[in-house]
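K.L.:
Quick one, final29.cif (mmCIF, N, CA and C atoms; chains and numbers go by the auth columns):
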data_final
loop_
_atom_site.group_PDB
_atom_site.id
_atom_site.type_symbol
_atom_site.label_atom_id
_atom_site.label_comp_id
_atom_site.label_asym_id
_atom_site.label_seq_id
_atom_site.Cartn_x
_atom_site.Cartn_y
_atom_site.Cartn_z
_atom_site.B_iso_or_equiv
_atom_site.auth_seq_id
_atom_site.auth_asym_id
ATOM 1 N N MET A 1 255.724 95.326 -42.872 0.00 1 A
ATOM 2 C CA MET A 1 256.298 96.443 -42.163 0.00 1 A
ATOM 3 C C MET A 1 256.355 96.088 -40.686 0.00 1 A
ATOM 4 N N SER A 2 257.511 96.212 -40.084 0.00 2 A
ATOM 5 C CA SER A 2 257.683 95.944 -38.661 0.00 2 A
ATOM 6 C C SER A 2 257.586 97.251 -37.900 0.00 2 A
ATOM 7 N N VAL A 3 257.115 97.155 -36.685 0.00 3 A
ATOM 8 C CA VAL A 3 256.913 98.343 -35.870 0.00 3 A
ATOM 9 C C VAL A 3 257.643 98.170 -34.547 0.00 3 A
ATOM 10 N N ALA A 4 258.345 99.195 -34.131 0.00 4 A
ATOM 11 C CA ALA A 4 258.935 99.202 -32.793 0.00 4 A
ATOM 12 C C ALA A 4 257.901 99.804 -31.858 0.00 4 A
ATOM 13 N N VAL A 5 257.605 99.124 -30.799 0.00 5 A
ATOM 14 C CA VAL A 5 256.615 99.582 -29.838 0.00 5 A
ATOM 15 C C VAL A 5 257.317 100.366 -28.750 0.00 5 A
ATOM 16 N N VAL A 6 256.846 101.571 -28.472 0.00 6 A
ATOM 17 C CA VAL A 6 257.424 102.378 -27.406 0.00 6 A
ATOM 18 C C VAL A 6 256.606 102.128 -26.151 0.00 6 A
ATOM 19 N N LEU A 7 257.261 101.669 -25.109 0.00 7 A
ATOM 20 C CA LEU A 7 256.591 101.328 -23.862 0.00 7 A
ATOM 21 C C LEU A 7 256.363 102.570 -23.018 0.00 7 A
ATOM 22 N N SER A 8 255.142 102.724 -22.591 0.00 8 A
ATOM 23 C CA SER A 8 254.774 103.804 -21.695 0.00 8 A
ATOM 24 C C SER A 8 253.871 103.215 -20.626 0.00 8 A
ATOM 25 N N LEU A 9 254.086 103.571 -19.388 0.00 9 A
ATOM 26 C CA LEU A 9 253.261 103.022 -18.317 0.00 9 A
ATOM 27 C C LEU A 9 251.795 103.372 -18.505 0.00 9 A
ATOM 28 N N SER A 10 251.502 104.522 -19.083 0.00 10 A
ATOM 29 C CA SER A 10 250.106 104.895 -19.285 0.00 10 A
ATOM 30 C C SER A 10 249.453 104.047 -20.365 0.00 10 A
ATOM 31 N N ASP A 11 250.244 103.455 -21.272 0.00 11 A
ATOM 32 C CA ASP A 11 249.710 102.616 -22.339 0.00 11 A
ATOM 33 C C ASP A 11 249.569 101.163 -21.923 0.00 11 A
ATOM 34 N N ALA A 12 250.180 100.784 -20.824 0.00 12 A
ATOM 35 C CA ALA A 12 250.181 99.378 -20.423 0.00 12 A
ATOM 36 C C ALA A 12 248.773 98.927 -20.057 0.00 12 A
ATOM 37 N N LYS A 13 248.346 97.811 -20.647 0.00 13 A
ATOM 38 C CA LYS A 13 247.026 97.260 -20.349 0.00 13 A
ATOM 39 C C LYS A 13 247.108 96.285 -19.181 0.00 13 A
ATOM 40 N N ALA A 14 248.269 95.717 -18.962 0.00 14 A
ATOM 41 C CA ALA A 14 248.471 94.779 -17.860 0.00 14 A
ATOM 42 C C ALA A 14 249.376 95.450 -16.833 0.00 14 A
ATOM 43 N N PRO A 15 249.225 95.080 -15.576 0.00 15 A
ATOM 44 C CA PRO A 15 250.144 95.632 -14.576 0.00 15 A
ATOM 45 C C PRO A 15 251.587 95.319 -14.945 0.00 15 A
ATOM 46 N N VAL A 16 252.482 96.224 -14.634 0.00 16 A
ATOM 47 C CA VAL A 16 253.888 96.073 -15.008 0.00 16 A
ATOM 48 C C VAL A 16 254.459 94.761 -14.484 0.00 16 A
ATOM 49 N N GLN A 17 254.077 94.334 -13.290 0.00 17 A
ATOM 50 C CA GLN A 17 254.634 93.104 -12.753 0.00 17 A
ATOM 51 C C GLN A 17 254.235 91.883 -13.579 0.00 17 A
ATOM 52 N N ASN A 18 253.167 91.976 -14.380 0.00 18 A
ATOM 53 C CA ASN A 18 252.736 90.863 -15.234 0.00 18 A
ATOM 54 C C ASN A 18 253.261 90.984 -16.663 0.00 18 A
ATOM 55 N N LEU A 19 254.001 92.032 -16.944 0.00 19 A
ATOM 56 C CA LEU A 19 254.516 92.277 -18.281 0.00 19 A
ATOM 57 C C LEU A 19 255.781 91.462 -18.481 0.00 19 A
ATOM 58 N N GLN A 20 255.717 90.438 -19.324 0.00 20 A
ATOM 59 C CA GLN A 20 256.886 89.594 -19.560 0.00 20 A
ATOM 60 C C GLN A 20 257.625 90.098 -20.792 0.00 20 A
ATOM 61 N N LEU A 21 258.880 90.475 -20.596 0.00 21 A
ATOM 62 C CA LEU A 21 259.728 90.923 -21.697 0.00 21 A
ATOM 63 C C LEU A 21 260.712 89.817 -22.041 0.00 21 A
ATOM 64 N N LEU A 22 260.873 89.590 -23.324 0.00 22 A
ATOM 65 C CA LEU A 22 261.801 88.565 -23.801 0.00 22 A
ATOM 66 C C LEU A 22 263.083 89.211 -24.293 0.00 22 A
ATOM 67 N N THR A 23 264.197 88.568 -24.032 0.00 23 A
ATOM 68 C CA THR A 23 265.484 89.020 -24.545 0.00 23 A
ATOM 69 C C THR A 23 265.673 88.457 -25.953 0.00 23 A
ATOM 70 N N LEU A 24 266.725 88.896 -26.600 0.00 24 A
ATOM 71 C CA LEU A 24 267.049 88.389 -27.925 0.00 24 A
ATOM 72 C C LEU A 24 267.270 86.880 -27.898 0.00 24 A
ATOM 73 N N ASP A 25 267.991 86.397 -26.908 0.00 25 A
ATOM 74 C CA ASP A 25 268.242 84.952 -26.811 0.00 25 A
ATOM 75 C C ASP A 25 266.957 84.165 -26.583 0.00 25 A
ATOM 76 N N GLU A 26 266.056 84.703 -25.768 0.00 26 A
ATOM 77 C CA GLU A 26 264.776 84.021 -25.530 0.00 26 A
ATOM 78 C C GLU A 26 263.927 83.992 -26.791 0.00 26 A
ATOM 79 N N LEU A 27 263.886 85.112 -27.514 0.00 27 A
ATOM 80 C CA LEU A 27 263.139 85.150 -28.771 0.00 27 A
ATOM 81 C C LEU A 27 263.738 84.169 -29.774 0.00 27 A
ATOM 82 N N ALA A 28 265.063 84.142 -29.846 0.00 28 A
ATOM 83 C CA ALA A 28 265.738 83.223 -30.764 0.00 28 A
ATOM 84 C C ALA A 28 265.352 81.775 -30.469 0.00 28 A
ATOM 85 N N ALA A 29 265.281 81.419 -29.198 0.00 29 A
ATOM 86 C CA ALA A 29 264.906 80.056 -28.819 0.00 29 A
ATOM 87 C C ALA A 29 263.461 79.760 -29.233 0.00 29 A
ATOM 88 N N ILE A 30 262.568 80.711 -29.036 0.00 30 A
ATOM 89 C CA ILE A 30 261.161 80.521 -29.408 0.00 30 A
ATOM 90 C C ILE A 30 261.014 80.348 -30.914 0.00 30 A
ATOM 91 N N LEU A 31 261.722 81.176 -31.678 0.00 31 A
ATOM 92 C CA LEU A 31 261.608 81.141 -33.140 0.00 31 A
ATOM 93 C C LEU A 31 262.510 80.092 -33.779 0.00 31 A
ATOM 94 N N GLU A 32 263.341 79.452 -32.944 0.00 32 A
ATOM 95 C CA GLU A 32 264.312 78.464 -33.427 0.00 32 A
ATOM 96 C C GLU A 32 265.203 79.043 -34.524 0.00 32 A
ATOM 97 N N ARG A 33 265.721 80.244 -34.231 0.00 33 A
ATOM 98 C CA ARG A 33 266.647 80.933 -35.129 0.00 33 A
ATOM 99 C C ARG A 33 267.789 81.452 -34.281 0.00 33 A
ATOM 100 N N SER A 34 268.874 81.801 -34.912 0.00 34 A
ATOM 101 C CA SER A 34 270.009 82.322 -34.154 0.00 34 A
ATOM 102 C C SER A 34 269.789 83.805 -33.842 0.00 34 A
ATOM 103 N N PRO A 35 270.373 84.275 -32.741 0.00 35 A
ATOM 104 C CA PRO A 35 270.285 85.706 -32.443 0.00 35 A
ATOM 105 C C PRO A 35 270.851 86.564 -33.574 0.00 35 A
ATOM 106 N N GLU A 36 271.907 86.086 -34.222 0.00 36 A
ATOM 107 C CA GLU A 36 272.500 86.824 -35.349 0.00 36 A
ATOM 108 C C GLU A 36 271.501 86.983 -36.498 0.00 36 A
ATOM 109 N N THR A 37 270.763 85.921 -36.803 0.00 37 A
ATOM 110 C CA THR A 37 269.774 85.984 -37.879 0.00 37 A
ATOM 111 C C THR A 37 268.681 86.986 -37.529 0.00 37 A
ATOM 112 N N ILE A 38 268.253 86.998 -36.292 0.00 38 A
ATOM 113 C CA ILE A 38 267.220 87.942 -35.870 0.00 38 A
ATOM 114 C C ILE A 38 267.731 89.374 -35.981 0.00 38 A
ATOM 115 N N ARG A 39 268.971 89.609 -35.554 0.00 39 A
ATOM 116 C CA ARG A 39 269.561 90.955 -35.687 0.00 39 A
ATOM 117 C C ARG A 39 269.589 91.394 -37.152 0.00 39 A
ATOM 118 N N LYS A 40 269.993 90.493 -38.032 0.00 40 A
ATOM 119 C CA LYS A 40 270.042 90.816 -39.466 0.00 40 A
ATOM 120 C C LYS A 40 268.640 91.096 -40.001 0.00 40 A
ATOM 121 N N ASP A 41 267.664 90.287 -39.590 0.00 41 A
ATOM 122 C CA ASP A 41 266.297 90.487 -40.065 0.00 41 A
ATOM 123 C C ASP A 41 265.707 91.810 -39.593 0.00 41 A
ATOM 124 N N ILE A 42 266.080 92.246 -38.402 0.00 42 A
ATOM 125 C CA ILE A 42 265.596 93.537 -37.912 0.00 42 A
ATOM 126 C C ILE A 42 265.980 94.644 -38.891 0.00 42 A
ATOM 127 N N ARG A 43 267.191 94.548 -39.448 0.00 43 A
ATOM 128 C CA ARG A 43 267.664 95.558 -40.398 0.00 43 A
ATOM 129 C C ARG A 43 267.177 95.303 -41.819 0.00 43 A
ATOM 130 N N ARG A 44 267.254 94.055 -42.277 0.00 44 A
ATOM 131 C CA ARG A 44 266.994 93.739 -43.689 0.00 44 A
ATOM 132 C C ARG A 44 265.566 93.352 -44.001 0.00 44 A
ATOM 133 N N ASN A 45 264.926 92.631 -43.083 0.00 45 A
ATOM 134 C CA ASN A 45 263.597 92.087 -43.343 0.00 45 A
ATOM 135 C C ASN A 45 262.754 92.176 -42.064 0.00 45 A
ATOM 136 N N PRO A 46 262.373 93.384 -41.668 0.00 46 A
ATOM 137 C CA PRO A 46 261.704 93.567 -40.382 0.00 46 A
ATOM 138 C C PRO A 46 260.391 92.793 -40.237 0.00 46 A
ATOM 139 N N ASP A 47 259.750 92.398 -41.338 0.00 47 A
ATOM 140 C CA ASP A 47 258.515 91.620 -41.247 0.00 47 A
ATOM 141 C C ASP A 47 258.779 90.185 -40.786 0.00 47 A
ATOM 142 N N ALA A 48 260.032 89.769 -40.790 0.00 48 A
ATOM 143 C CA ALA A 48 260.381 88.397 -40.423 0.00 48 A
ATOM 144 C C ALA A 48 260.553 88.218 -38.914 0.00 48 A
ATOM 145 N N VAL A 49 260.350 89.293 -38.157 0.00 49 A
ATOM 146 C CA VAL A 49 260.458 89.215 -36.700 0.00 49 A
ATOM 147 C C VAL A 49 259.273 89.937 -36.068 0.00 49 A
ATOM 148 N N PRO A 50 258.884 89.529 -34.861 0.00 50 A
ATOM 149 C CA PRO A 50 257.797 90.237 -34.172 0.00 50 A
ATOM 150 C C PRO A 50 258.187 91.683 -33.877 0.00 50 A
ATOM 151 N N PRO A 51 257.197 92.548 -33.675 0.00 51 A
ATOM 152 C CA PRO A 51 257.528 93.943 -33.341 0.00 51 A
ATOM 153 C C PRO A 51 258.288 94.004 -32.022 0.00 51 A
ATOM 154 N N ARG A 52 259.341 94.789 -32.015 0.00 52 A
ATOM 155 C CA ARG A 52 260.161 94.868 -30.808 0.00 52 A
ATOM 156 C C ARG A 52 259.740 96.056 -29.956 0.00 52 A
ATOM 157 N N LEU A 53 260.193 96.018 -28.741 0.00 53 A
ATOM 158 C CA LEU A 53 259.873 97.047 -27.762 0.00 53 A
ATOM 159 C C LEU A 53 261.028 98.027 -27.684 0.00 53 A
ATOM 160 N N GLN A 54 260.739 99.304 -27.754 0.00 54 A
ATOM 161 C CA GLN A 54 261.770 100.335 -27.630 0.00 54 A
ATOM 162 C C GLN A 54 261.707 100.896 -26.219 0.00 54 A
ATOM 163 N N LEU A 55 262.691 100.573 -25.415 0.00 55 A
ATOM 164 C CA LEU A 55 262.750 101.116 -24.062 0.00 55 A
ATOM 165 C C LEU A 55 263.442 102.474 -24.135 0.00 55 A
ATOM 166 N N PRO A 56 262.771 103.528 -23.732 0.00 56 A
ATOM 167 C CA PRO A 56 263.346 104.873 -23.838 0.00 56 A
ATOM 168 C C PRO A 56 264.710 104.959 -23.160 0.00 56 A
ATOM 169 N N GLY A 57 265.651 105.589 -23.873 0.00 57 A
ATOM 170 C CA GLY A 57 266.976 105.813 -23.315 0.00 57 A
ATOM 171 C C GLY A 57 267.913 104.619 -23.371 0.00 57 A
ATOM 172 N N THR A 58 267.488 103.525 -24.041 0.00 58 A
ATOM 173 C CA THR A 58 268.353 102.349 -24.132 0.00 58 A
ATOM 174 C C THR A 58 268.404 101.847 -25.567 0.00 58 A
ATOM 175 N N ARG A 59 269.343 100.960 -25.803 0.00 59 A
ATOM 176 C CA ARG A 59 269.434 100.296 -27.096 0.00 59 A
ATOM 177 C C ARG A 59 269.121 98.805 -26.951 0.00 59 A
ATOM 178 N N LEU A 60 268.541 98.430 -25.810 0.00 60 A
ATOM 179 C CA LEU A 60 268.221 97.035 -25.546 0.00 60 A
ATOM 180 C C LEU A 60 267.166 96.514 -26.509 0.00 60 A
ATOM 181 N N LEU A 61 267.341 95.280 -26.950 0.00 61 A
ATOM 182 C CA LEU A 61 266.336 94.621 -27.771 0.00 61 A
ATOM 183 C C LEU A 61 265.461 93.793 -26.849 0.00 61 A
ATOM 184 N N ARG A 62 264.185 94.102 -26.815 0.00 62 A
ATOM 185 C CA ARG A 62 263.230 93.368 -25.997 0.00 62 A
ATOM 186 C C ARG A 62 261.922 93.211 -26.771 0.00 62 A
ATOM 187 N N TRP A 63 261.217 92.144 -26.450 0.00 63 A
ATOM 188 C CA TRP A 63 259.915 91.869 -27.071 0.00 63 A
ATOM 189 C C TRP A 63 258.923 91.520 -25.980 0.00 63 A
ATOM 190 N N ARG A 64 257.696 92.024 -26.076 0.00 64 A
ATOM 191 C CA ARG A 64 256.646 91.615 -25.144 0.00 64 A
ATOM 192 C C ARG A 64 256.188 90.227 -25.556 0.00 64 A
ATOM 193 N N ALA A 65 256.077 89.331 -24.585 0.00 65 A
ATOM 194 C CA ALA A 65 255.635 87.966 -24.868 0.00 65 A
ATOM 195 C C ALA A 65 254.274 87.978 -25.556 0.00 65 A
ATOM 196 N N SER A 66 253.386 88.874 -25.158 0.00 66 A
ATOM 197 C CA SER A 66 252.053 88.945 -25.765 0.00 66 A
ATOM 198 C C SER A 66 252.137 89.349 -27.239 0.00 66 A
ATOM 199 N N ASP A 67 253.069 90.245 -27.598 0.00 67 A
ATOM 200 C CA ASP A 67 253.255 90.640 -29.009 0.00 67 A
ATOM 201 C C ASP A 67 253.791 89.472 -29.827 0.00 67 A
ATOM 202 N N VAL A 68 254.715 88.718 -29.251 0.00 68 A
ATOM 203 C CA VAL A 68 255.283 87.554 -29.940 0.00 68 A
ATOM 204 C C VAL A 68 254.194 86.506 -30.164 0.00 68 A
ATOM 205 N N ASP A 69 253.373 86.245 -29.142 0.00 69 A
ATOM 206 C CA ASP A 69 252.273 85.287 -29.275 0.00 69 A
ATOM 207 C C ASP A 69 251.310 85.708 -30.390 0.00 69 A
ATOM 208 N N ALA A 70 250.945 86.985 -30.412 0.00 70 A
ATOM 209 C CA ALA A 70 250.016 87.489 -31.437 0.00 70 A
ATOM 210 C C ALA A 70 250.640 87.386 -32.824 0.00 70 A
ATOM 211 N N TRP A 71 251.918 87.713 -32.945 0.00 71 A
ATOM 212 C CA TRP A 71 252.623 87.653 -34.227 0.00 71 A
ATOM 213 C C TRP A 71 252.666 86.209 -34.736 0.00 71 A
ATOM 214 N N LEU A 72 252.991 85.274 -33.839 0.00 72 A
ATOM 215 C CA LEU A 72 253.031 83.860 -34.225 0.00 72 A
ATOM 216 C C LEU A 72 251.640 83.362 -34.636 0.00 72 A
ATOM 217 N N ALA A 73 250.615 83.780 -33.917 0.00 73 A
ATOM 218 C CA ALA A 73 249.248 83.363 -34.247 0.00 73 A
ATOM 219 C C ALA A 73 248.843 83.880 -35.629 0.00 73 A
ATOM 220 N N ARG A 74 249.187 85.140 -35.934 0.00 74 A
ATOM 221 C CA ARG A 74 248.868 85.699 -37.267 0.00 74 A
ATOM 222 C C ARG A 74 249.563 84.908 -38.363 0.00 74 A
ATOM 223 N N HIS A 75 250.829 84.571 -38.141 0.00 75 A
ATOM 224 C CA HIS A 75 251.581 83.856 -39.165 0.00 75 A
ATOM 225 C C HIS A 75 251.096 82.399 -39.309 0.00 75 A
ATOM 226 N N ALA A 76 250.686 81.804 -38.220 0.00 76 A
ATOM 227 C CA ALA A 76 250.143 80.441 -38.285 0.00 76 A
ATOM 228 C C ALA A 76 248.836 80.459 -39.059 0.00 76 A
ATOM 229 N N GLU A 77 247.996 81.473 -38.835 0.00 77 A
ATOM 230 C CA GLU A 77 246.732 81.620 -39.547 0.00 77 A
ATOM 231 C C GLU A 77 246.987 81.777 -41.046 0.00 77 A
ATOM 232 N N GLN A 78 247.930 82.632 -41.412 0.00 78 A
ATOM 233 C CA GLN A 78 248.257 82.855 -42.825 0.00 78 A
ATOM 234 C C GLN A 78 248.769 81.583 -43.477 0.00 78 A
ATOM 235 N N GLY A 79 249.581 80.820 -42.744 0.00 79 A
ATOM 236 C CA GLY A 79 250.117 79.581 -43.266 0.00 79 A
ATOM 237 C C GLY A 79 249.028 78.561 -43.530 0.00 79 A
ATOM 238 N N VAL A 80 248.035 78.502 -42.671 0.00 80 A
ATOM 239 C CA VAL A 80 246.933 77.557 -42.834 0.00 80 A
ATOM 240 C C VAL A 80 246.096 77.948 -44.049 0.00 80 A
ATOM 241 N N ARG A 81 245.893 79.217 -44.273 0.00 81 A
ATOM 242 C CA ARG A 81 245.103 79.686 -45.419 0.00 81 A
ATOM 243 C C ARG A 81 245.758 79.354 -46.750 0.00 81 A
ATOM 244 N N HIS A 82 247.087 79.294 -46.763 0.00 82 A
ATOM 245 C CA HIS A 82 247.815 79.063 -48.024 0.00 82 A
ATOM 246 C C HIS A 82 247.927 77.580 -48.378 0.00 82 A
ATOM 247 N N VAL A 83 247.489 76.702 -47.501 0.00 83 A
ATOM 248 C CA VAL A 83 247.619 75.259 -47.737 0.00 83 A
ATOM 249 C C VAL A 83 246.517 74.785 -48.631 0.00 83 A
#
As structure tokens, please, write out the structure in this file.
P.N.:
Amino acid sequence: MSVAVVLSLSDAKAPVQNLQLLTLDELAAILERSPETIRKDIRRNPDAVPPRLQLPGTRLLRWRASDVDAWLARHAEQGVRHV
């Protein structure tokens, strides 16, 4: 199950200036997948992408770098366990 994270300044653990947001193209480069594949996965297979950030009042796709790092670490851990 994928979760969209709603950003609120009161919820931020790091100062806003240190909050790195990734665009769809940046996420695609990190995951070595096409932006189109990521868009499709958001709709069809939300577990195949890190949780995205929902910016209130916009339709922009953004991801917190820290969420992407945590998601990749979880998947790397699971992959090692299955070997």
K.L.:
My list of candidates is A:Pro50, A:Ser34, A:Leu19, A:Ala28. Which is closest to Trp71 of chain A when distances are computed with all atoms listed in the file?
P.N.:
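That would be A:Pro50, the residue with the smallest distance to Trp71 of chain A.
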K.L.:
Go ahead and fit an axis-aligned box to every listed atom of segment 59-65 of chain A plus 5 Å each side, and pass me the centre and edge lengths in Å, one decimal, as lines of an AutoDock Vina configuration file.
P.N.:
center_x = 261.9
center_y = 94.5
center_z = -26.2
size_x = 25.2
size_y = 23.0
size_z = 13.2
K.L.:
Find the residue from A:His75, A:Arg43, A:Leu53, A:Trp63 that sits nearest to Leu27 of chain A; use all atoms listed in the file when measuring.
P.N.:
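Once distances to Leu27 of chain A are computed over all atoms listed in the file, the minimum belongs to A:Trp63.
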K.L.:
Could you check how far atom CA of Glu32 of chain A sits from atom CA of Pro56 of chain A, in Å to one decimal?
P.N.:
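Taking atom CA of Glu32 of chain A and atom CA of Pro56 of chain A, their separation equals 28.1 Å.
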K.L.:
Report as a PyMOL selection string the full result of the PyMOL selection byres ((chain A and resi 49) around 8) when it is applied to this structure.
P.N.:
chain A and resi 2-3+38+41-42+45-48+50-52+68+71
K.L.:
With only C-alpha atoms as the counted atoms, please give the residues lying no more than 8 Å from Gln20 of chain A, apart from itself and same-chain residues fewer than 5 positions off, as a ChimeraX atom specification.
P.N.:
/A:64-66
K.L.:
What's the 10 Å shell around Asp25 of chain A, counting only C-alpha atoms, without same-chain residues fewer than 4 positions away, as a ChimeraX atom specification?
P.N.:
/A:29-31,33-36,38,61-62
K.L.:
Please report the interatomic distance between atom C of Arg39 of chain A and atom CA of Gln78 of chain A in Å with one decimal.
P.N.:
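It comes out at 23.7 Å.
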K.L.:
Could you tell me how far atom N of Glu26 of chain A lies from atom CA of Arg74 of chain A, in Å and to one decimal?
P.N.:
20.7 Å
K.L.:
Choose the residue, out of A:Glu77, A:Asp67, A:Gly57, A:Leu24, that has the smallest atom-to-atom separation from Thr37 of chain A; count only C-alpha atoms.
P.N.:
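Of A:Glu77, A:Asp67, A:Gly57, A:Leu24, the one nearest Thr37 of chain A is A:Leu24, counting only C-alpha atoms.
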